[in-house]
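Novice: There's a structure below that I have some questions on.
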Amino acid sequence: MSNRLSECYDVSGWWPAGSEWEVMVGAILVQQTTWESVEKVLGSLKERGAMEVGAMASLPLEELQEVVRPAGFYRQKASRIKGLAIYIVQAHASDPRQLLEGDEDDRRKELLAQPGIGEETADAILLFAGRRPRFIAAAYVRRLLDRLGILSSEDYGEVQRFMEAELPRDAELYVQLYALMVHHARTVCRSRPRCQACSLRDRCRFTEIVGRTDFR
DNA sequence: ACCCAGGTGGCCC
DNA sequence: GGGCCACATGGG
């Protein structure tokens, strides 16, 4: 399948991760911060050989906090990551993939029951680690849809249902479109002070592209 | 010195 | 269900 979005920005290599567990850790780390900060933390975790569920579950909290610090909210994030590791060790035989297999709605509820995993983080894990077709209705996505005059809603579930109703239920398409929307909002709009997605003025190419080819 | 960043959870009404 | 707030570091 081809659409014109893919011809505008290259988002291949989005959310690079060596494992399901790395996606889960990254999904918690990236909350309210930049991917650049997350990369630092993931890098130090790998250096310490802690990028594995069992190792993470037994890593002293104080040590984990120091590693997580650059990503902000480090006390919360460290506890939540360690808590998730312990949960997977105890409830899923140390296999993160068990959290992604089987009934999708059940797995989502299970993820949502974990401290630190809200709707967006749960969907990021399901989509990027499990390749389940859950569209991530992130703040950037909601803002962009609003500014484009496509849908104005702050309700996560409503925006998600809208996107999933508009698009084929295809995980790879969701990955690409989500990455493009966030990339656009973060990078392209930032370099265009009057881009519609950011300032409600002027037009940028993204407006026409999304309106014409990726929505019915 | 601000403002923002790929949210979540707790508390209040 | 909404509105407000703490959580925290790092870069523009």
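Residues are referred to by chain and number: the chain letter is A, B, ... according to the order shown in the structure tokens, the number counts from 1 in that chain, and ligands are numbered separately from 1 in the order shown.
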Select, as a ChimeraX atom specification, those residues of chain A with any atom no more than 7 Å from chain B (distances computed using only C-alpha atoms (C1' of nucleotides)).

Specialist: /A:30-34,116,118,182

Novice: Residues of chain A within 6 Å of chain C: nearest atom pair and distance (Å, one decimal) for each, counting only C-alpha atoms (C1' of nucleotides), sorted by chain and number, as a Markdown table?

Specialist:
```
| residue | atom | partner | partner_atom | distance |
| --- | --- | --- | --- | --- |
| A:Pro70 | CA | C:DT9 | C1' | 5.4 |
| A:Gly72 | CA | C:DT9 | C1' | 4.3 |
| A:Phe73 | CA | C:DA8 | C1' | 4.6 |
```

Novice: Kindly give the distance, in Å, that separates CA of Gln114 in chain A and CA of Ala138 in chain A, rounded to a single decimal.

Specialist: 19.2 Å

Novice: Neighbours of Arg75 in chain A within 10 Å (only C-alpha atoms (C1' of nucleotides); same-chain residues fewer than 3 positions away dropped), as a PDB file with N, CA and C atoms (P, O5', C5', C4', C3', O3' and C1' of nucleotides), in the first residue's frame?

Specialist:
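Saved the output as selection.pdb:
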```pdb
ATOM      1  N   LEU A  61      16.542  -0.334  43.337  1.00  0.00           N
ATOM      2  CA  LEU A  61      15.760   0.824  42.908  1.00  0.00           C
ATOM      3  C   LEU A  61      16.602   2.095  42.823  1.00  0.00           C
ATOM      4  N   GLU A  62      17.486   2.292  43.791  1.00  0.00           N
ATOM      5  CA  GLU A  62      18.304   3.508  43.801  1.00  0.00           C
ATOM      6  C   GLU A  62      19.182   3.576  42.553  1.00  0.00           C
ATOM      7  N   LEU A  64      18.528   2.081  39.664  1.00  0.00           N
ATOM      8  CA  LEU A  64      17.661   2.326  38.517  1.00  0.00           C
ATOM      9  C   LEU A  64      17.275   3.795  38.428  1.00  0.00           C
ATOM     10  N   GLN A  65      17.011   4.401  39.577  1.00  0.00           N
ATOM     11  CA  GLN A  65      16.642   5.816  39.593  1.00  0.00           C
ATOM     12  C   GLN A  65      17.743   6.681  38.980  1.00  0.00           C
ATOM     13  N   GLU A  66      18.972   6.387  39.318  1.00  0.00           N
ATOM     14  CA  GLU A  66      20.075   7.185  38.789  1.00  0.00           C
ATOM     15  C   GLU A  66      20.190   7.047  37.277  1.00  0.00           C
ATOM     16  N   VAL A  68      17.672   6.335  35.259  1.00  0.00           N
ATOM     17  CA  VAL A  68      16.465   6.906  34.639  1.00  0.00           C
ATOM     18  C   VAL A  68      16.454   8.434  34.702  1.00  0.00           C
ATOM     19  N   ARG A  69      17.211   8.987  35.609  1.00  0.00           N
ATOM     20  CA  ARG A  69      17.177  10.431  35.879  1.00  0.00           C
ATOM     21  C   ARG A  69      17.087  11.337  34.641  1.00  0.00           C
ATOM     22  N   GLY A  72      13.636  12.335  33.279  1.00  0.00           N
ATOM     23  CA  GLY A  72      12.655  13.051  34.089  1.00  0.00           C
ATOM     24  C   GLY A  72      11.700  12.137  34.832  1.00  0.00           C
ATOM     25  N   ALA A  78      11.196   4.909  37.528  1.00  0.00           N
ATOM     26  CA  ALA A  78      12.024   3.794  37.992  1.00  0.00           C
ATOM     27  C   ALA A  78      11.162   2.761  38.720  1.00  0.00           C
ATOM     28  N   SER A  79      10.300   3.238  39.613  1.00  0.00           N
ATOM     29  CA  SER A  79       9.430   2.317  40.353  1.00  0.00           C
ATOM     30  C   SER A  79       8.496   1.561  39.423  1.00  0.00           C
ATOM     31  N   ARG A  80       7.961   2.282  38.449  1.00  0.00           N
ATOM     32  CA  ARG A  80       6.981   1.655  37.552  1.00  0.00           C
ATOM     33  C   ARG A  80       7.628   0.640  36.636  1.00  0.00           C
TER      34      ARG A  80
ATOM     35  P    DC C   7       5.898  16.872  43.751  1.00  0.00           P
ATOM     36  O5'  DC C   7       6.264  15.860  42.574  1.00  0.00           O
ATOM     37  C5'  DC C   7       5.763  14.528  42.616  1.00  0.00           C
ATOM     38  C4'  DC C   7       6.013  13.860  41.287  1.00  0.00           C
ATOM     39  C3'  DC C   7       7.446  14.036  40.742  1.00  0.00           C
ATOM     40  O3'  DC C   7       7.968  12.751  40.466  1.00  0.00           O
ATOM     41  C1'  DC C   7       5.844  14.387  39.065  1.00  0.00           C
ATOM     42  P    DA C   8       9.469  12.467  40.683  1.00  0.00           P
ATOM     43  O5'  DA C   8      10.131  13.429  39.585  1.00  0.00           O
ATOM     44  C5'  DA C   8      10.949  14.488  39.955  1.00  0.00           C
ATOM     45  C4'  DA C   8      11.942  14.717  38.839  1.00  0.00           C
ATOM     46  C3'  DA C   8      12.842  15.936  39.039  1.00  0.00           C
ATOM     47  O3'  DA C   8      14.074  15.637  38.409  1.00  0.00           O
ATOM     48  C1'  DA C   8      11.564  16.236  37.103  1.00  0.00           C
TER      49       DA C   8
END
```

Novice: Could you find all residues in range 3-176 of chain A that DSSP calls helix (DSSP H, G or I) from the backbone, and write them as an MDAnalysis selection string?

Specialist: chainID A and resid 5:8 20:29 35:47 53:58 61:71 74:91 96:99 104:112 119:129 139:147 156:166 171:176

Novice: Fewer than 4 positions away in the same chain doesn't count, so skip those; otherwise give me all residues within 6 Å of range 98-113 of chain A, counting only C-alpha atoms (C1' of nucleotides), as a ChimeraX atom specification.

Specialist: /A:117-118,122,130

Novice: Which residues, written as a ChimeraX atom specification, have at least one atom at most 12 Å from range 39-52 of chain A, with only C-alpha atoms (C1' of nucleotides) counted and residues fewer than 2 positions away on the same chain left out?

Specialist: /A:15-30,33-37,54-60,63-72,74,77-78,81-82,84-86,88-89,94-96 /C:10

Novice: Pull N, CA and C atoms (P, O5', C5', C4', C3', O3' and C1' of nucleotides) from the residues just selected and write them as a compact mmCIF listing (two decimals), in the first residue's frame.

Specialist:
```
# COMPACT_ATOMS: atom_id res chain seq x y z
N TRP A 15 10.87 4.18 16.63
CA TRP A 15 10.82 3.30 17.78
C TRP A 15 11.68 2.06 17.57
N PRO A 16 12.98 2.28 17.39
CA PRO A 16 13.87 1.14 17.25
C PRO A 16 13.97 0.43 18.58
N ALA A 17 13.84 -0.86 18.58
CA ALA A 17 13.93 -1.61 19.83
C ALA A 17 14.33 -3.03 19.54
N GLY A 18 15.17 -3.56 20.38
CA GLY A 18 15.66 -4.91 20.17
C GLY A 18 14.73 -5.99 20.68
N SER A 19 13.74 -5.59 21.47
CA SER A 19 12.88 -6.61 22.06
C SER A 19 11.56 -6.00 22.53
N GLU A 20 10.60 -6.87 22.81
CA GLU A 20 9.32 -6.42 23.35
C GLU A 20 9.53 -5.67 24.67
N TRP A 21 10.41 -6.22 25.50
CA TRP A 21 10.67 -5.58 26.79
C TRP A 21 11.26 -4.19 26.61
N GLU A 22 12.12 -4.02 25.64
CA GLU A 22 12.71 -2.70 25.40
C GLU A 22 11.63 -1.70 24.99
N VAL A 23 10.64 -2.15 24.23
CA VAL A 23 9.54 -1.26 23.87
C VAL A 23 8.76 -0.85 25.12
N MET A 24 8.51 -1.80 25.99
CA MET A 24 7.75 -1.50 27.21
C MET A 24 8.49 -0.49 28.08
N VAL A 25 9.78 -0.69 28.26
CA VAL A 25 10.59 0.23 29.06
C VAL A 25 10.60 1.61 28.39
N GLY A 26 10.81 1.61 27.09
CA GLY A 26 10.84 2.88 26.35
C GLY A 26 9.51 3.61 26.41
N ALA A 27 8.42 2.85 26.39
CA ALA A 27 7.09 3.47 26.40
C ALA A 27 6.83 4.21 27.70
N ILE A 28 7.33 3.67 28.80
CA ILE A 28 7.17 4.36 30.08
C ILE A 28 8.15 5.53 30.17
N LEU A 29 9.38 5.29 29.71
CA LEU A 29 10.39 6.35 29.79
C LEU A 29 10.02 7.59 28.97
N VAL A 30 9.39 7.38 27.82
CA VAL A 30 9.19 8.49 26.89
C VAL A 30 8.02 9.40 27.30
N THR A 33 8.48 13.36 27.71
CA THR A 33 9.87 13.76 27.48
C THR A 33 10.23 13.45 26.03
N THR A 34 11.50 13.63 25.69
CA THR A 34 11.91 13.44 24.30
C THR A 34 12.57 12.07 24.12
N TRP A 35 12.52 11.58 22.90
CA TRP A 35 13.12 10.28 22.62
C TRP A 35 14.63 10.33 22.81
N GLU A 36 15.22 11.49 22.59
CA GLU A 36 16.67 11.64 22.78
C GLU A 36 17.05 11.30 24.22
N SER A 37 16.26 11.79 25.18
CA SER A 37 16.53 11.48 26.59
C SER A 37 16.38 9.99 26.84
N GLY A 54 14.42 -10.12 33.95
CA GLY A 54 14.91 -10.65 35.22
C GLY A 54 15.92 -9.73 35.88
N ALA A 55 16.84 -9.21 35.07
CA ALA A 55 17.86 -8.30 35.58
C ALA A 55 17.22 -7.03 36.12
N MET A 56 16.23 -6.54 35.40
CA MET A 56 15.56 -5.32 35.83
C MET A 56 14.81 -5.53 37.14
N ALA A 57 14.20 -6.69 37.27
CA ALA A 57 13.42 -6.97 38.47
C ALA A 57 14.30 -6.99 39.72
N SER A 58 15.57 -7.34 39.55
CA SER A 58 16.44 -7.43 40.72
C SER A 58 17.40 -6.25 40.83
N LEU A 59 17.32 -5.32 39.92
CA LEU A 59 18.17 -4.13 39.99
C LEU A 59 17.73 -3.25 41.16
N PRO A 60 18.67 -2.86 42.02
CA PRO A 60 18.30 -1.99 43.15
C PRO A 60 17.61 -0.71 42.66
N GLU A 63 19.68 2.41 42.16
CA GLU A 63 20.53 2.35 40.99
C GLU A 63 19.72 2.67 39.73
N LEU A 64 18.53 2.08 39.66
CA LEU A 64 17.66 2.33 38.52
C LEU A 64 17.28 3.80 38.43
N GLN A 65 17.01 4.40 39.58
CA GLN A 65 16.64 5.82 39.59
C GLN A 65 17.74 6.68 38.98
N GLU A 66 18.97 6.39 39.32
CA GLU A 66 20.08 7.18 38.79
C GLU A 66 20.19 7.05 37.28
N VAL A 67 19.91 5.84 36.78
CA VAL A 67 19.98 5.62 35.34
C VAL A 67 18.84 6.34 34.63
N VAL A 68 17.67 6.34 35.26
CA VAL A 68 16.47 6.91 34.64
C VAL A 68 16.45 8.43 34.70
N ARG A 69 17.21 8.99 35.61
CA ARG A 69 17.18 10.43 35.88
C ARG A 69 17.09 11.34 34.64
N PRO A 70 17.90 11.13 33.60
CA PRO A 70 17.84 12.04 32.45
C PRO A 70 16.49 12.10 31.76
N ALA A 71 15.64 11.10 31.96
CA ALA A 71 14.33 11.09 31.29
C ALA A 71 13.26 11.80 32.11
N GLY A 72 13.64 12.33 33.28
CA GLY A 72 12.65 13.05 34.09
C GLY A 72 11.70 12.14 34.83
N TYR A 74 11.99 10.69 37.41
CA TYR A 74 12.78 9.45 37.52
C TYR A 74 12.37 8.55 38.66
N LYS A 77 9.12 6.79 37.34
CA LYS A 77 9.41 5.90 36.22
C LYS A 77 10.23 4.69 36.65
N ALA A 78 11.20 4.91 37.53
CA ALA A 78 12.02 3.79 37.99
C ALA A 78 11.16 2.76 38.72
N ILE A 81 8.81 0.96 36.16
CA ILE A 81 9.51 0.00 35.29
C ILE A 81 9.89 -1.24 36.09
N LYS A 82 10.42 -1.02 37.26
CA LYS A 82 10.79 -2.16 38.09
C LYS A 82 9.56 -2.98 38.48
N LEU A 84 6.81 -3.29 36.81
CA LEU A 84 6.35 -4.05 35.64
C LEU A 84 7.22 -5.28 35.42
N ALA A 85 8.54 -5.10 35.62
CA ALA A 85 9.46 -6.23 35.49
C ALA A 85 9.11 -7.33 36.49
N ILE A 86 8.87 -6.93 37.72
CA ILE A 86 8.53 -7.91 38.76
C ILE A 86 7.22 -8.61 38.42
N ILE A 88 5.97 -9.15 35.44
CA ILE A 88 6.17 -10.09 34.33
C ILE A 88 6.91 -11.34 34.80
N VAL A 89 7.87 -11.16 35.68
CA VAL A 89 8.59 -12.31 36.22
C VAL A 89 7.61 -13.23 36.96
N SER A 94 8.57 -14.50 33.38
CA SER A 94 9.63 -13.62 32.86
C SER A 94 9.58 -13.40 31.35
N ASP A 95 8.44 -13.71 30.73
CA ASP A 95 8.33 -13.55 29.28
C ASP A 95 7.38 -12.41 28.91
N PRO A 96 7.93 -11.26 28.51
CA PRO A 96 7.10 -10.10 28.17
C PRO A 96 6.12 -10.38 27.04
P DG C 10 19.43 16.10 33.30
O5' DG C 10 18.93 16.71 31.91
C5' DG C 10 18.25 15.87 31.00
C4' DG C 10 17.97 16.65 29.72
C3' DG C 10 19.02 17.70 29.36
O3' DG C 10 19.12 17.78 27.95
C1' DG C 10 16.96 18.75 29.65
```

Novice: Could you give me, as a list in words, the residues within 8 Å of Arg132 in chain A, counting only C-alpha atoms (C1' of nucleotides) and dropping anything in the same chain fewer than 4 positions from it?

Specialist: Glu104, Leu126, Leu127, Phe128 and Ala171 of chain A

Novice: The selected residues should be written to file as a PDB file, in the first residue's frame (atoms: N, CA, C and O atoms).

Specialist:
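Final output, out.pdb:
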```
ATOM      1  N   GLU A 104      -6.816  -9.350  22.454  1.00  0.00           N
ATOM      2  CA  GLU A 104      -6.256  -8.003  22.473  1.00  0.00           C
ATOM      3  C   GLU A 104      -6.861  -7.125  23.565  1.00  0.00           C
ATOM      4  O   GLU A 104      -6.148  -6.390  24.249  1.00  0.00           O
ATOM      5  N   LEU A 126       1.124  -2.196  22.686  1.00  0.00           N
ATOM      6  CA  LEU A 126       0.392  -3.138  21.823  1.00  0.00           C
ATOM      7  C   LEU A 126       0.773  -2.950  20.357  1.00  0.00           C
ATOM      8  O   LEU A 126       0.949  -3.919  19.616  1.00  0.00           O
ATOM      9  N   LEU A 127       0.916  -1.693  19.931  1.00  0.00           N
ATOM     10  CA  LEU A 127       1.220  -1.420  18.527  1.00  0.00           C
ATOM     11  C   LEU A 127       2.682  -1.693  18.180  1.00  0.00           C
ATOM     12  O   LEU A 127       2.975  -2.435  17.239  1.00  0.00           O
ATOM     13  N   PHE A 128       3.594  -1.132  18.963  1.00  0.00           N
ATOM     14  CA  PHE A 128       5.005  -1.226  18.580  1.00  0.00           C
ATOM     15  C   PHE A 128       5.667  -2.527  19.006  1.00  0.00           C
ATOM     16  O   PHE A 128       6.573  -2.998  18.329  1.00  0.00           O
ATOM     17  N   ALA A 171      -1.859  -2.617  11.380  1.00  0.00           N
ATOM     18  CA  ALA A 171      -0.870  -2.146  12.352  1.00  0.00           C
ATOM     19  C   ALA A 171       0.264  -1.375  11.683  1.00  0.00           C
ATOM     20  O   ALA A 171       0.708  -0.343  12.198  1.00  0.00           O
TER      21      ALA A 171
END
```

Novice: Which is closer to Val175 in chain A than all the others in A:Arg131, A:His92, A:Arg161, A:Arg142, using only C-alpha atoms?

Specialist: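 Ranking A:Arg131, A:His92, A:Arg161, A:Arg142 by distance to Val175 in chain A, first place goes to A:Arg131.
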
Novice: Calculate how many Å separate CA of Tyr140 in chain A from CA of Leu180 in chain A, rounding to one decimal.

Specialist: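 Interatomic distance here is 10.7 Å.
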
Novice: Report the distance between CA of Asp10 in chain A and CA of Tyr174 in chain A in Å, rounded to one decimal place.

Specialist: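 Atom-to-atom, CA of Asp10 in chain A to CA of Tyr174 in chain A, that is 14.8 Å.
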